[in-house]
Amino acid sequence: MATVDQAAGKEASETGCLVLLRHGQTAWSLSGQYTGRTDIPLTEEGERQAAAAGVRLSSDFPEGFDAGCVFVSPLMRARQTARLSGFDRFEIMPELVERDYGHAEGRRRRDIQRHLGRDWDVWTDDPSVLTHDGSGDRQEVLPDGSLVQVRVTGGESLAAAAARTRGIIERVAPLVDEGRRVLLVSHAHILRVLATQWMGLDPSAAKLMRLYTAHYGVLGNYQGDRVLKTWNC
């Protein structure tokens, strides 16, 4: 028979939650270009989306998020989204940066496939297979005429990205288990991978969990299991 303390601990664990908010629209999320470490801003529509996400979050979580429990990627699009959603007080968590796509950065899947002459999928193919094309850091012009510095490195495997998210979970899971409401503002692919690791799934399952711009999913605990509560809110 459970003790009072055990029952209270279980109730707190199931009350706590981990909310994963993707940043709003950018020029490249609209065009379908892989956007990893390139520091690209929100579009005007992305800014509106972020503000609307804040309204939904306020409705779904009227008590807000606990002090010291809002963590944000260091990249501009995530920081803008956090502020426009109403979260001015946050901690930058470097581990929440988007997956490093290597030489896929700033390119579309169909263009990569045309270059390789075969199918290519970011969820099953390591970005390192693209390094032979010789491309590196470069500048590109965004649709609004501004310049962006495209960051190109050796890339990050899916396994490495998954390991990074497990480190994030190790940090925030105790907060959730204590009954706290935790918010992570980050990027589509790394948040999807994080969700799979929360649930104990293979990281490739993230391919099946599309997350729209400025939408969020909610992870939590239920009867001792780490579960997905809602998605694309």
# chains A, B, ... in the order shown; residues from 1 in each chain; ligands from 1
$ residues_around --residues "Val72 in chain A" --least-positions-apart "3" --cutoff "12 Å" --atoms "only C-alpha atoms" --output "ChimeraX atom specification"
/A:19-23,68-69,75-83,87-98,168,182-187,191
$ write_last_selection --atoms "N, CA, C and O atoms" --output "tab-separated table (two decimals), in the first residue's frame"
chain	number	residue	atom	x	y	z
A	19	VAL	N	6.88	21.11	-21.90
A	19	VAL	CA	6.28	21.67	-23.10
A	19	VAL	C	7.38	22.02	-24.10
A	19	VAL	O	8.35	22.69	-23.76
A	20	LEU	N	7.22	21.55	-25.33
A	20	LEU	CA	8.21	21.74	-26.38
A	20	LEU	C	7.65	22.69	-27.42
A	20	LEU	O	6.76	22.31	-28.20
A	21	LEU	N	8.11	23.93	-27.45
A	21	LEU	CA	7.62	24.94	-28.39
A	21	LEU	C	8.61	25.18	-29.51
A	21	LEU	O	9.76	25.55	-29.27
A	22	ARG	N	8.15	24.96	-30.73
A	22	ARG	CA	8.99	25.26	-31.89
A	22	ARG	C	8.89	26.76	-32.19
A	22	ARG	O	7.85	27.39	-32.00
A	23	HIS	N	9.98	27.33	-32.69
A	23	HIS	CA	9.98	28.73	-33.09
A	23	HIS	C	9.00	28.99	-34.23
A	23	HIS	O	8.57	28.08	-34.94
A	68	GLY	N	12.53	29.68	-13.24
A	68	GLY	CA	13.71	28.89	-13.53
A	68	GLY	C	13.44	27.66	-14.38
A	68	GLY	O	14.30	26.79	-14.48
A	69	CYS	N	12.26	27.61	-15.02
A	69	CYS	CA	11.88	26.43	-15.79
A	69	CYS	C	11.59	26.75	-17.25
A	69	CYS	O	10.90	25.98	-17.92
A	75	LEU	N	19.80	30.38	-30.51
A	75	LEU	CA	19.62	30.97	-31.83
A	75	LEU	C	18.49	32.01	-31.84
A	75	LEU	O	17.51	31.90	-31.12
A	76	MET	N	18.66	33.02	-32.69
A	76	MET	CA	17.78	34.18	-32.72
A	76	MET	C	16.30	33.82	-32.87
A	76	MET	O	15.43	34.38	-32.21
A	77	ARG	N	15.99	32.89	-33.76
A	77	ARG	CA	14.58	32.58	-34.03
A	77	ARG	C	13.88	32.01	-32.80
A	77	ARG	O	12.68	32.23	-32.61
A	78	ALA	N	14.62	31.28	-31.97
A	78	ALA	CA	14.03	30.75	-30.74
A	78	ALA	C	13.89	31.84	-29.69
A	78	ALA	O	12.86	31.92	-29.00
A	79	ARG	N	14.91	32.69	-29.56
A	79	ARG	CA	14.84	33.78	-28.57
A	79	ARG	C	13.71	34.75	-28.91
A	79	ARG	O	12.98	35.20	-28.04
A	80	GLN	N	13.56	35.07	-30.21
A	80	GLN	CA	12.46	35.93	-30.62
A	80	GLN	C	11.11	35.31	-30.27
A	80	GLN	O	10.20	35.98	-29.78
A	81	THR	N	10.99	34.03	-30.53
A	81	THR	CA	9.73	33.33	-30.26
A	81	THR	C	9.40	33.34	-28.78
A	81	THR	O	8.25	33.57	-28.39
A	82	ALA	N	10.40	33.10	-27.95
A	82	ALA	CA	10.17	33.11	-26.51
A	82	ALA	C	9.64	34.46	-26.05
A	82	ALA	O	8.64	34.55	-25.32
A	83	ARG	N	10.28	35.52	-26.50
A	83	ARG	CA	9.88	36.86	-26.05
A	83	ARG	C	8.50	37.23	-26.58
A	83	ARG	O	7.66	37.76	-25.85
A	87	PHE	N	7.50	35.25	-22.82
A	87	PHE	CA	8.46	34.70	-21.87
A	87	PHE	C	9.78	35.47	-21.97
A	87	PHE	O	10.69	35.09	-22.70
A	88	ASP	N	9.84	36.56	-21.24
A	88	ASP	CA	11.03	37.41	-21.27
A	88	ASP	C	12.14	36.89	-20.37
A	88	ASP	O	13.31	37.19	-20.58
A	89	ARG	N	11.76	36.15	-19.36
A	89	ARG	CA	12.74	35.62	-18.41
A	89	ARG	C	12.99	34.16	-18.72
A	89	ARG	O	12.14	33.30	-18.45
A	90	PHE	N	14.12	33.91	-19.31
A	90	PHE	CA	14.45	32.53	-19.67
A	90	PHE	C	15.94	32.32	-19.53
A	90	PHE	O	16.73	33.27	-19.47
A	91	GLU	N	16.31	31.07	-19.51
A	91	GLU	CA	17.73	30.69	-19.48
A	91	GLU	C	18.11	30.11	-20.82
A	91	GLU	O	17.41	29.24	-21.35
A	92	ILE	N	19.19	30.61	-21.38
A	92	ILE	CA	19.71	30.03	-22.62
A	92	ILE	C	20.31	28.67	-22.31
A	92	ILE	O	21.15	28.53	-21.42
A	93	MET	N	19.87	27.66	-23.04
A	93	MET	CA	20.43	26.31	-22.90
A	93	MET	C	21.09	25.95	-24.23
A	93	MET	O	20.40	25.64	-25.21
A	94	PRO	N	22.41	25.99	-24.32
A	94	PRO	CA	23.09	25.73	-25.59
A	94	PRO	C	22.72	24.39	-26.22
A	94	PRO	O	22.72	24.26	-27.46
A	95	GLU	N	22.41	23.41	-25.39
A	95	GLU	CA	22.09	22.07	-25.91
A	95	GLU	C	20.79	22.04	-26.72
A	95	GLU	O	20.52	21.08	-27.43
A	96	LEU	N	19.97	23.11	-26.61
A	96	LEU	CA	18.72	23.16	-27.35
A	96	LEU	C	18.88	23.67	-28.78
A	96	LEU	O	17.90	23.78	-29.52
A	97	VAL	N	20.10	23.96	-29.19
A	97	VAL	CA	20.34	24.40	-30.56
A	97	VAL	C	19.87	23.31	-31.53
A	97	VAL	O	19.84	22.11	-31.19
A	98	GLU	N	19.49	23.72	-32.73
A	98	GLU	CA	18.99	22.76	-33.72
A	98	GLU	C	20.10	21.79	-34.14
A	98	GLU	O	21.30	22.06	-33.95
A	168	ILE	N	19.64	16.80	-22.12
A	168	ILE	CA	18.62	17.79	-21.75
A	168	ILE	C	17.60	17.16	-20.83
A	168	ILE	O	17.20	17.74	-19.81
A	182	VAL	N	7.59	22.94	-17.19
A	182	VAL	CA	8.85	23.31	-17.83
A	182	VAL	C	8.59	23.60	-19.30
A	182	VAL	O	7.87	22.85	-19.97
A	183	LEU	N	9.17	24.68	-19.81
A	183	LEU	CA	9.01	25.07	-21.21
A	183	LEU	C	10.37	25.09	-21.89
A	183	LEU	O	11.31	25.71	-21.40
A	184	LEU	N	10.46	24.43	-23.04
A	184	LEU	CA	11.64	24.47	-23.89
A	184	LEU	C	11.25	25.13	-25.20
A	184	LEU	O	10.31	24.68	-25.87
A	185	VAL	N	11.95	26.20	-25.60
A	185	VAL	CA	11.69	26.87	-26.87
A	185	VAL	C	12.88	26.58	-27.77
A	185	VAL	O	14.01	27.00	-27.49
A	186	SER	N	12.62	25.87	-28.86
A	186	SER	CA	13.73	25.38	-29.65
A	186	SER	C	13.29	25.18	-31.09
A	186	SER	O	12.54	25.99	-31.63
A	187	HIS	N	13.73	24.08	-31.70
A	187	HIS	CA	13.62	23.88	-33.15
A	187	HIS	C	12.97	22.53	-33.45
A	187	HIS	O	13.02	21.60	-32.65
A	191	LEU	N	13.59	19.04	-31.18
A	191	LEU	CA	12.48	18.79	-30.27
A	191	LEU	C	11.80	17.46	-30.59
A	191	LEU	O	11.37	16.74	-29.67
$ select_by_dssp --residues "chain A" --states "helix (DSSP H, G or I)" --output "ChimeraX atom specification"
/A:4-15,27-31,44-60,76-84,94-96,102-104,109-116,127-133,158-177,188-198,203-208
$ closest_residue --among "A:Glu44, A:Glu140, A:Asp111, A:Glu105" --to "Ser128 in chain A" --atoms "only C-alpha atoms"
A:Glu105
$ select_by_dssp --residues "range 3-221 of chain A" --states "strand (DSSP E or B)" --output "MDAnalysis selection string"
chainID A and resid 17:22 26 42 70:72 91:92 138:141 147:150 181:186 216:221
$ atom_distance --atom1 "CA of Thr38 in chain A" --atom2 "CA of Tyr101 in chain A"
10.0 Å
$ atom_distance --atom1 "CA of Ala195 in chain A" --atom2 "CA of Ser58 in chain A"
22.1 Å
$ atom_distance --atom1 "CA of Leu57 in chain A" --atom2 "CA of Ile40 in chain A"
24.2 Å
$ residues_around --residues "Trp28 in chain A" --least-positions-apart "2" --cutoff "10 Å" --atoms "only C-alpha atoms" --output "list in words"
Gln25, Thr26, Leu30, Ser31, Gly32, Gln33, Tyr34, Thr35, Ile40, Pro41, Leu42, Thr43, Gly106, Arg107, Arg108, Leu142 and Pro143 of chain A
$ write_last_selection --atoms "N, CA, C and O atoms" --output "PDB file, in the first residue's frame"
ATOM      1  N   GLN A  25       7.711  30.890 -37.917  1.00  0.00           N
ATOM      2  CA  GLN A  25       8.162  30.770 -39.305  1.00  0.00           C
ATOM      3  C   GLN A  25       9.407  31.612 -39.589  1.00  0.00           C
ATOM      4  O   GLN A  25       9.541  32.741 -39.117  1.00  0.00           O
ATOM      5  N   THR A  26      10.309  31.031 -40.365  1.00  0.00           N
ATOM      6  CA  THR A  26      11.433  31.763 -40.943  1.00  0.00           C
ATOM      7  C   THR A  26      11.346  31.631 -42.458  1.00  0.00           C
ATOM      8  O   THR A  26      10.564  30.829 -42.983  1.00  0.00           O
ATOM      9  N   LEU A  30       9.762  28.206 -44.420  1.00  0.00           N
ATOM     10  CA  LEU A  30       8.741  28.356 -45.454  1.00  0.00           C
ATOM     11  C   LEU A  30       9.179  27.717 -46.766  1.00  0.00           C
ATOM     12  O   LEU A  30       8.394  27.063 -47.450  1.00  0.00           O
ATOM     13  N   SER A  31      10.455  27.861 -47.114  1.00  0.00           N
ATOM     14  CA  SER A  31      10.961  27.343 -48.387  1.00  0.00           C
ATOM     15  C   SER A  31      11.360  25.870 -48.313  1.00  0.00           C
ATOM     16  O   SER A  31      11.602  25.245 -49.344  1.00  0.00           O
ATOM     17  N   GLY A  32      11.486  25.332 -47.087  1.00  0.00           N
ATOM     18  CA  GLY A  32      11.878  23.941 -46.934  1.00  0.00           C
ATOM     19  C   GLY A  32      13.377  23.712 -46.910  1.00  0.00           C
ATOM     20  O   GLY A  32      13.842  22.576 -47.060  1.00  0.00           O
ATOM     21  N   GLN A  33      14.156  24.771 -46.681  1.00  0.00           N
ATOM     22  CA  GLN A  33      15.611  24.632 -46.595  1.00  0.00           C
ATOM     23  C   GLN A  33      16.014  24.210 -45.185  1.00  0.00           C
ATOM     24  O   GLN A  33      15.480  24.737 -44.197  1.00  0.00           O
ATOM     25  N   TYR A  34      16.932  23.269 -45.081  1.00  0.00           N
ATOM     26  CA  TYR A  34      17.398  22.818 -43.771  1.00  0.00           C
ATOM     27  C   TYR A  34      18.068  23.978 -43.045  1.00  0.00           C
ATOM     28  O   TYR A  34      18.963  24.635 -43.584  1.00  0.00           O
ATOM     29  N   THR A  35      17.625  24.222 -41.836  1.00  0.00           N
ATOM     30  CA  THR A  35      18.138  25.346 -41.049  1.00  0.00           C
ATOM     31  C   THR A  35      18.615  24.830 -39.715  1.00  0.00           C
ATOM     32  O   THR A  35      17.821  24.607 -38.795  1.00  0.00           O
ATOM     33  N   ILE A  40      19.065  32.613 -38.331  1.00  0.00           N
ATOM     34  CA  ILE A  40      18.111  33.278 -39.213  1.00  0.00           C
ATOM     35  C   ILE A  40      16.945  33.817 -38.387  1.00  0.00           C
ATOM     36  O   ILE A  40      16.504  33.163 -37.434  1.00  0.00           O
ATOM     37  N   PRO A  41      16.427  35.015 -38.706  1.00  0.00           N
ATOM     38  CA  PRO A  41      15.343  35.584 -37.898  1.00  0.00           C
ATOM     39  C   PRO A  41      13.965  35.091 -38.323  1.00  0.00           C
ATOM     40  O   PRO A  41      13.801  34.466 -39.382  1.00  0.00           O
ATOM     41  N   LEU A  42      12.980  35.398 -37.514  1.00  0.00           N
ATOM     42  CA  LEU A  42      11.596  35.131 -37.871  1.00  0.00           C
ATOM     43  C   LEU A  42      11.151  36.071 -38.990  1.00  0.00           C
ATOM     44  O   LEU A  42      11.615  37.198 -39.104  1.00  0.00           O
ATOM     45  N   THR A  43      10.221  35.597 -39.804  1.00  0.00           N
ATOM     46  CA  THR A  43       9.524  36.478 -40.731  1.00  0.00           C
ATOM     47  C   THR A  43       8.450  37.238 -39.956  1.00  0.00           C
ATOM     48  O   THR A  43       8.181  36.957 -38.779  1.00  0.00           O
ATOM     49  N   GLY A 106      20.922  24.952 -45.431  1.00  0.00           N
ATOM     50  CA  GLY A 106      20.449  25.903 -46.424  1.00  0.00           C
ATOM     51  C   GLY A 106      20.002  25.275 -47.734  1.00  0.00           C
ATOM     52  O   GLY A 106      19.679  26.002 -48.687  1.00  0.00           O
ATOM     53  N   ARG A 107      19.942  23.959 -47.786  1.00  0.00           N
ATOM     54  CA  ARG A 107      19.564  23.269 -49.014  1.00  0.00           C
ATOM     55  C   ARG A 107      18.254  22.518 -48.807  1.00  0.00           C
ATOM     56  O   ARG A 107      17.857  22.231 -47.688  1.00  0.00           O
ATOM     57  N   ARG A 108      17.584  22.200 -49.902  1.00  0.00           N
ATOM     58  CA  ARG A 108      16.344  21.435 -49.852  1.00  0.00           C
ATOM     59  C   ARG A 108      16.650  19.973 -50.125  1.00  0.00           C
ATOM     60  O   ARG A 108      17.609  19.646 -50.828  1.00  0.00           O
ATOM     61  N   LEU A 142      18.189  36.673 -48.197  1.00  0.00           N
ATOM     62  CA  LEU A 142      16.842  36.253 -47.844  1.00  0.00           C
ATOM     63  C   LEU A 142      15.825  36.995 -48.697  1.00  0.00           C
ATOM     64  O   LEU A 142      16.151  38.013 -49.323  1.00  0.00           O
ATOM     65  N   PRO A 143      14.591  36.522 -48.749  1.00  0.00           N
ATOM     66  CA  PRO A 143      13.575  37.176 -49.581  1.00  0.00           C
ATOM     67  C   PRO A 143      13.365  38.659 -49.279  1.00  0.00           C
ATOM     68  O   PRO A 143      12.983  39.422 -50.161  1.00  0.00           O
TER      69      PRO A 143
END
$ closest_residue --among "A:Gln49, A:Thr124, A:Thr213, A:Thr165" --to "Gln197 in chain A" --atoms "only C-alpha atoms"
A:Thr165
$ closest_residue --among "A:Gln223, A:Ser73, A:Ser85, A:Gln139" --to "Glu47 in chain A" --atoms "only C-alpha atoms"
A:Ser85
$ decode --residues "range 27-42 of chain A" --atoms "C-alpha atoms" --output "short mmCIF file (atom, residue, chain, number, x, y, z; two decimals), in the first residue's frame"
data_model
loop_
_atom_site.label_atom_id
_atom_site.label_comp_id
_atom_site.auth_asym_id
_atom_site.auth_seq_id
_atom_site.Cartn_x
_atom_site.Cartn_y
_atom_site.Cartn_z
CA ALA A 27 12.17 32.29 -44.63
CA TRP A 28 13.80 28.87 -44.75
CA SER A 29 11.12 26.98 -42.83
CA LEU A 30 8.74 28.36 -45.45
CA SER A 31 10.96 27.34 -48.39
CA GLY A 32 11.88 23.94 -46.93
CA GLN A 33 15.61 24.63 -46.60
CA TYR A 34 17.40 22.82 -43.77
CA THR A 35 18.14 25.35 -41.05
CA GLY A 36 20.49 24.13 -38.37
CA ARG A 37 23.15 26.46 -36.98
CA THR A 38 22.49 29.37 -39.35
CA ASP A 39 21.15 32.24 -37.22
CA ILE A 40 18.11 33.28 -39.21
CA PRO A 41 15.34 35.58 -37.90
CA LEU A 42 11.60 35.13 -37.87
#
